[in-house]
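Next comes model-v8.txt, a file with compact mmCIF, C-alpha atoms.
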# COMPACT_ATOMS: atom_id res chain seq x y z
CA MET B 1 86.81 99.73 87.27
CA PHE B 2 86.16 103.29 86.11
CA ILE B 3 86.26 104.52 89.69
CA HIS B 4 89.63 102.82 90.23
CA LEU B 5 90.94 104.32 86.99
CA PHE B 6 89.71 107.78 88.00
CA LEU B 7 91.31 107.59 91.43
CA GLY B 8 94.56 106.34 89.92
CA ILE B 9 94.67 109.28 87.51
CA ILE B 10 93.99 111.76 90.33
CA VAL B 11 96.80 110.29 92.45
CA LEU B 12 99.18 110.44 89.48
CA LEU B 13 98.29 114.06 88.75
CA ALA B 14 98.59 115.02 92.40
CA ASN B 15 102.08 113.54 92.53
CA GLN B 16 103.06 115.59 89.50
CA VAL B 17 101.68 118.79 91.06
CA LEU B 18 103.43 118.14 94.36
CA ALA B 19 106.82 117.26 92.83
CA ASN B 20 109.67 119.48 94.18
CA THR B 21 107.27 121.13 96.59
CA GLU B 22 106.24 121.34 100.19
CA THR B 23 102.52 121.71 100.78
CA ILE B 24 100.09 121.94 103.66
CA THR B 25 96.33 122.42 103.93
CA PHE B 26 94.61 123.74 107.02
CA LYS B 27 91.10 124.78 108.00
CA VAL B 28 90.25 128.23 109.31
CA PRO B 29 88.62 127.52 112.69
CA ASN B 30 84.93 128.20 113.09
CA TYR B 31 85.61 130.17 116.27
CA TYR B 32 88.42 132.30 114.78
CA ASP B 33 87.69 136.03 114.80
CA ILE B 34 89.09 137.05 111.40
CA PRO B 35 90.79 140.48 111.59
CA PHE B 36 89.13 143.25 109.57
CA CYS B 37 90.97 144.17 106.34
CA SER B 38 89.17 146.47 103.91
CA ARG B 39 92.11 147.06 101.57
CA SER B 40 93.22 144.99 98.61
CA PHE B 41 96.56 143.24 98.08
CA ASP B 42 99.61 145.51 98.09
CA ASN B 43 102.97 144.13 96.97
CA SER B 44 105.05 145.00 100.03
CA PRO B 45 108.73 144.05 100.46
CA VAL B 46 110.17 141.49 102.84
CA THR B 47 111.61 143.04 106.02
CA ARG B 48 114.03 141.55 108.53
CA ILE B 49 112.95 141.29 112.17
CA ASN B 50 116.18 139.82 113.51
CA SER B 51 119.15 137.72 112.37
CA SER B 52 117.02 134.60 111.85
CA THR B 53 113.52 135.89 111.04
CA LEU B 54 112.05 137.75 108.08
CA LEU B 55 108.53 139.13 107.66
CA LEU B 56 106.24 139.47 104.65
CA THR B 57 103.00 141.29 105.46
CA ASP B 58 101.30 140.94 102.06
CA ILE B 59 100.73 137.96 99.80
CA PRO B 60 97.82 137.33 97.40
CA ILE B 61 95.31 134.66 98.37
CA ARG B 62 94.06 132.87 95.27
CA CYS B 63 90.71 131.25 94.64
CA ILE B 64 89.27 129.16 91.83
CA ASN B 65 88.00 132.29 90.04
CA ASN B 66 91.32 134.16 89.96
CA TYR B 67 93.95 131.44 90.24
CA THR B 68 97.31 132.54 88.88
CA ILE B 69 100.96 132.22 89.84
CA ASP B 70 101.64 135.93 89.26
CA ASP B 71 103.37 137.67 92.19
CA SER B 72 104.25 134.28 93.68
CA VAL B 73 108.07 134.41 93.42
CA ILE B 74 109.88 135.41 96.61
CA SER B 75 113.57 136.31 96.58
CA LEU B 76 115.53 136.37 99.84
CA PRO B 77 119.18 136.97 100.69
CA TYR B 78 120.97 133.90 102.01
CA ASP B 79 124.44 133.18 103.34
CA TYR B 80 125.56 130.02 101.50
CA ILE B 81 128.82 129.97 103.47
CA ARG B 82 127.42 129.83 107.00
CA LYS B 83 124.12 128.16 105.92
CA PRO B 84 122.05 129.49 108.85
CA LYS B 85 118.53 128.36 109.61
CA GLN B 86 116.11 131.12 108.61
CA THR B 87 112.38 131.66 109.08
CA LEU B 88 110.05 133.68 106.88
CA LEU B 89 106.71 134.66 108.43
CA VAL B 90 104.00 135.43 105.86
CA LYS B 91 100.86 137.18 107.07
CA LEU B 92 97.47 136.16 105.65
CA ASN B 93 95.20 139.17 105.22
CA ASN B 94 91.48 138.88 104.60
CA TYR B 95 91.63 141.34 101.70
CA GLU B 96 88.45 143.38 101.20
CA ASN B 97 87.05 141.15 103.97
CA ALA B 98 86.42 138.48 101.36
CA ALA B 99 89.65 136.49 100.86
CA PHE B 100 88.63 133.70 103.25
CA ASP B 101 86.08 132.87 105.91
CA SER B 102 85.63 130.56 108.88
CA ASN B 103 85.78 126.83 107.97
CA ASP B 104 87.51 127.54 104.64
CA LEU B 105 90.37 125.29 103.57
CA ILE B 106 93.63 127.13 102.92
CA ASN B 107 96.23 125.44 100.74
CA VAL B 108 99.88 126.52 100.93
CA LYS B 109 102.32 125.33 98.29
CA LEU B 110 106.02 126.13 98.13
CA CYS B 111 108.04 125.27 95.03
CA TRP B 112 111.76 125.71 94.54
CA PRO B 113 114.32 124.90 91.81
CA ALA B 114 116.33 121.72 92.18
CA THR B 115 119.45 123.86 91.72
CA TYR B 116 119.04 125.19 95.27
CA PRO B 117 120.38 122.64 97.81
CA ILE B 118 118.06 123.98 100.49
CA ASN B 119 115.78 122.15 102.91
CA PHE B 120 112.34 123.72 103.35
CA ASN B 121 109.58 123.21 105.85
CA ILE B 122 106.23 125.03 106.00
CA ASP B 123 103.69 125.35 108.77
CA TYR B 124 101.18 127.90 110.01
CA LYS B 125 100.74 129.67 113.32
CA TYR B 126 98.75 132.42 115.03
CA VAL B 127 100.68 135.52 116.10
CA ARG B 128 99.45 138.62 117.90
CA ALA B 129 100.29 142.00 116.34
CA SER B 130 101.82 143.10 119.65
CA GLU B 131 104.64 140.60 119.12
CA PHE B 132 105.83 142.81 116.26
CA GLY B 133 105.70 145.94 118.40
CA LYS B 134 102.20 147.12 117.42
CA SER B 135 100.49 148.61 120.45
CA HIS B 136 97.14 149.43 118.82
CA ASN B 137 94.62 146.98 117.41
CA ASP B 138 96.28 143.85 118.81
CA THR B 139 94.82 141.38 116.28
CA LEU B 140 95.48 137.66 116.24
CA ASP B 141 96.66 136.92 112.70
CA ILE B 142 97.38 133.75 110.74
CA TYR B 143 100.95 133.42 109.47
CA VAL B 144 102.51 130.88 107.18
CA GLU B 145 105.90 129.90 108.58
CA VAL B 146 108.57 128.99 106.04
CA THR B 147 111.75 127.57 107.55
CA PHE B 148 114.80 126.86 105.38
CA TYR B 149 118.50 126.12 105.68
CA GLY B 150 121.36 124.97 103.46
CA ASP B 151 122.09 121.25 103.41
CA PHE B 152 125.14 120.75 101.22
CA TYR B 153 128.93 120.63 101.08
CA SER B 154 130.76 122.72 98.52
CA PRO B 155 134.44 122.02 97.79
CA GLY B 156 134.79 125.44 96.15
CA GLU B 157 133.69 129.04 96.57
CA VAL B 158 129.94 129.69 96.54
CA LYS B 159 129.04 132.88 94.71
CA GLU B 160 125.26 132.62 95.11
CA ASP B 161 123.86 135.05 97.68
CA LYS B 162 120.09 134.67 97.40
CA ILE B 163 117.36 132.10 97.17
CA GLN B 164 114.16 132.18 95.13
CA PHE B 165 111.01 130.13 95.47
CA GLN B 166 107.32 130.25 94.69
CA LEU B 167 104.84 130.54 97.53
CA ILE B 168 101.23 130.07 96.44
CA ILE B 169 98.41 130.41 98.95
CA SER B 170 94.88 129.60 97.86
CA ARG B 171 91.41 129.13 99.28
CA LEU B 172 90.09 125.77 98.13
CA PRO B 173 86.56 125.73 96.69
CA GLY B 174 85.32 122.61 98.49
CA VAL B 175 85.74 120.41 101.52
CA VAL B 176 88.08 117.99 99.70
CA PRO B 177 91.72 119.23 99.72
CA ILE B 178 92.31 119.03 95.96
CA PRO B 179 94.73 121.66 94.56
CA ILE B 180 92.98 124.23 92.37
CA GLU B 181 95.35 123.62 89.46
CA LEU B 182 93.94 120.10 89.14
CA TYR B 183 90.29 121.10 88.73
CA ASP B 184 90.36 121.66 84.95
CA ILE B 185 92.12 118.33 84.46
CA ILE B 186 89.65 116.54 86.73
CA ILE B 187 86.71 117.94 84.76
CA TYR B 188 88.34 116.74 81.54
CA VAL B 189 88.98 113.25 82.94
CA VAL B 190 85.44 112.95 84.32
CA THR B 191 83.98 114.02 80.97
CA LEU B 192 86.17 111.51 79.14
CA LEU B 193 85.16 108.67 81.47
CA PHE B 194 81.50 109.63 81.11
CA LEU B 195 81.81 109.38 77.31
CA LEU B 196 83.52 105.99 77.62
CA VAL B 197 80.75 104.43 79.73
CA PRO B 198 78.44 103.58 76.77
CA VAL B 199 81.24 101.80 74.89
CA TYR B 200 82.68 100.06 77.95
CA PRO B 201 81.16 96.62 77.06
CA ASP B 202 82.65 96.83 73.56
CA ILE B 203 86.07 97.69 74.99
CA VAL B 204 85.90 94.74 77.38
CA SER B 205 84.89 92.43 74.52
CA LEU B 206 87.82 93.55 72.41
CA LEU B 207 90.26 93.09 75.27
CA THR B 208 88.99 89.63 76.26
CA ALA B 209 88.21 88.20 72.79
CA PRO B 210 91.71 86.74 72.04
CA THR B 211 91.87 85.05 75.44
CA SER B 212 88.41 83.54 75.06
CA GLU B 213 89.16 82.18 71.56
CA LYS B 214 92.43 80.65 72.73
CA GLU B 215 90.71 78.90 75.66
CA HIS B 216 88.04 77.59 73.27
CA GLU B 217 90.68 76.12 70.91
CA ASP B 218 92.42 74.37 73.81
Transcribe the structure of this file into structure tokens.
Amino acid sequence: MFIHLFLGIIVLLANQVLANTETITFKVPNYYDIPFCSRSFDNSPVTRINSSTLLLTDIPIRCINNYTIDDSVISLPYDYIRKPKQTLLVKLNNYENAAFDSNDLINVKLCWPATYPINFNIDYKYVRASEFGKSHNDTLDIYVEVTFYGDFYSPGEVKEDKIQFQLIISRLPGVVPIPIELYDIIIYVVTLLFLLVPVYPDIVSLLTAPTSEKEHED
């Protein structure tokens, strides 16, 4: 019973975390040769590659020891009249050669306000540096691919000209794809259930006593 209750609570919390979001989790392949990156995170701007593609070459990669949503808001220009399909490519750098390793689980979560009538889709892909015109050190890098487009009809003039969303990328601490923001809550729930185990028989007795007495009277 306690196991069922625990699993039910986890599912409920996960649904709350994933509300108004798109999320994916993928594993860094064992055979993947992670490009060398000795520098730390640098907050670089988004650049446009062409009419439908934008590029972000720096984004922090969180872990359980430094999890925060700071520097997670991305603001992009968007044409709400034409509503074109756009793609944002976000490069994952192995900052200080310690952000992630082979076989690590990477969680990507995108959150956006309900006030934006935009459809989002996220995925990941491998892209060679030469595809962006870099002739030296042709590394094979991991990119998060965010695709979005307007899906609405407006009877009046639309004055909005940008879109904002949160993009949070984190390295999960274990082999089970549980979002990091749930770990503190899980520890609390497990502790609570552990404390309830000794009094479980008393709780059952209290819950079943009225039914038992009624059956005895009948």
Self-check item: Contacts of stretch 96-109 of chain B at 9 Å (all atoms listed in the file; same-chain gap of 2+ positions) as a ChimeraX atom specification
Solution: /B:18,21-41,60-63,93-94,111,122-123,144,166-179
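Using only C-alpha atoms for every distance, the candidate list B:Glu157, B:Leu110, B:Gly150, B:Leu89 yields B:Leu89 as the residue closest to B:Lys125.
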Practice problem: May I ask which of the residues B:Val158, B:Ile118, B:Ile163, B:Leu54 is the closest one to B:Val73, counting all atoms listed in the file? | Solution: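 Of the candidates, the smallest distance to B:Val73 is held by B:Ile163.
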Practice problem: Provide the atom CA of B:Ile142 to atom CA of B:Asp58 distance in Å, to one decimal place. | Solution: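 Straight-line distance from atom CA of B:Ile142 to atom CA of B:Asp58 works out to 11.9 Å.
Rounded to one decimal, atom CA of B:Arg128 and atom CA of B:Tyr143 lie 10.0 Å from each other.
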Exercise. May I ask which of the residues B:Ser130, B:Thr208, B:Ser44, B:Ser52 is the closest one to B:Val90, counting only C-alpha atoms?
Key: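 Of B:Ser130, B:Thr208, B:Ser44, B:Ser52, the one nearest B:Val90, counting only C-alpha atoms, is B:Ser44.
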Self-check item: Polymer residues at most 9 Å from B:Pro45, all atoms listed in the file, same-chain spacing of 5 or more positions, as a list in words
Solution: Leu55, Leu56, Thr57 and Asp58 of chain B
Quiz prompt | Among listed residues B:Asp151, B:Glu145, B:Asp138, B:Asp161, nearest B:Asn121 (using only C-alpha atoms) | solution =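 Checking each candidate against B:Asn121, we get B:Glu145 as the closest.
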Practice problem: Take atom CA of B:Trp112 and atom CA of B:Ile49 and report the distance between them in Å, one decimal. | Solution: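 It comes out at 23.6 Å.
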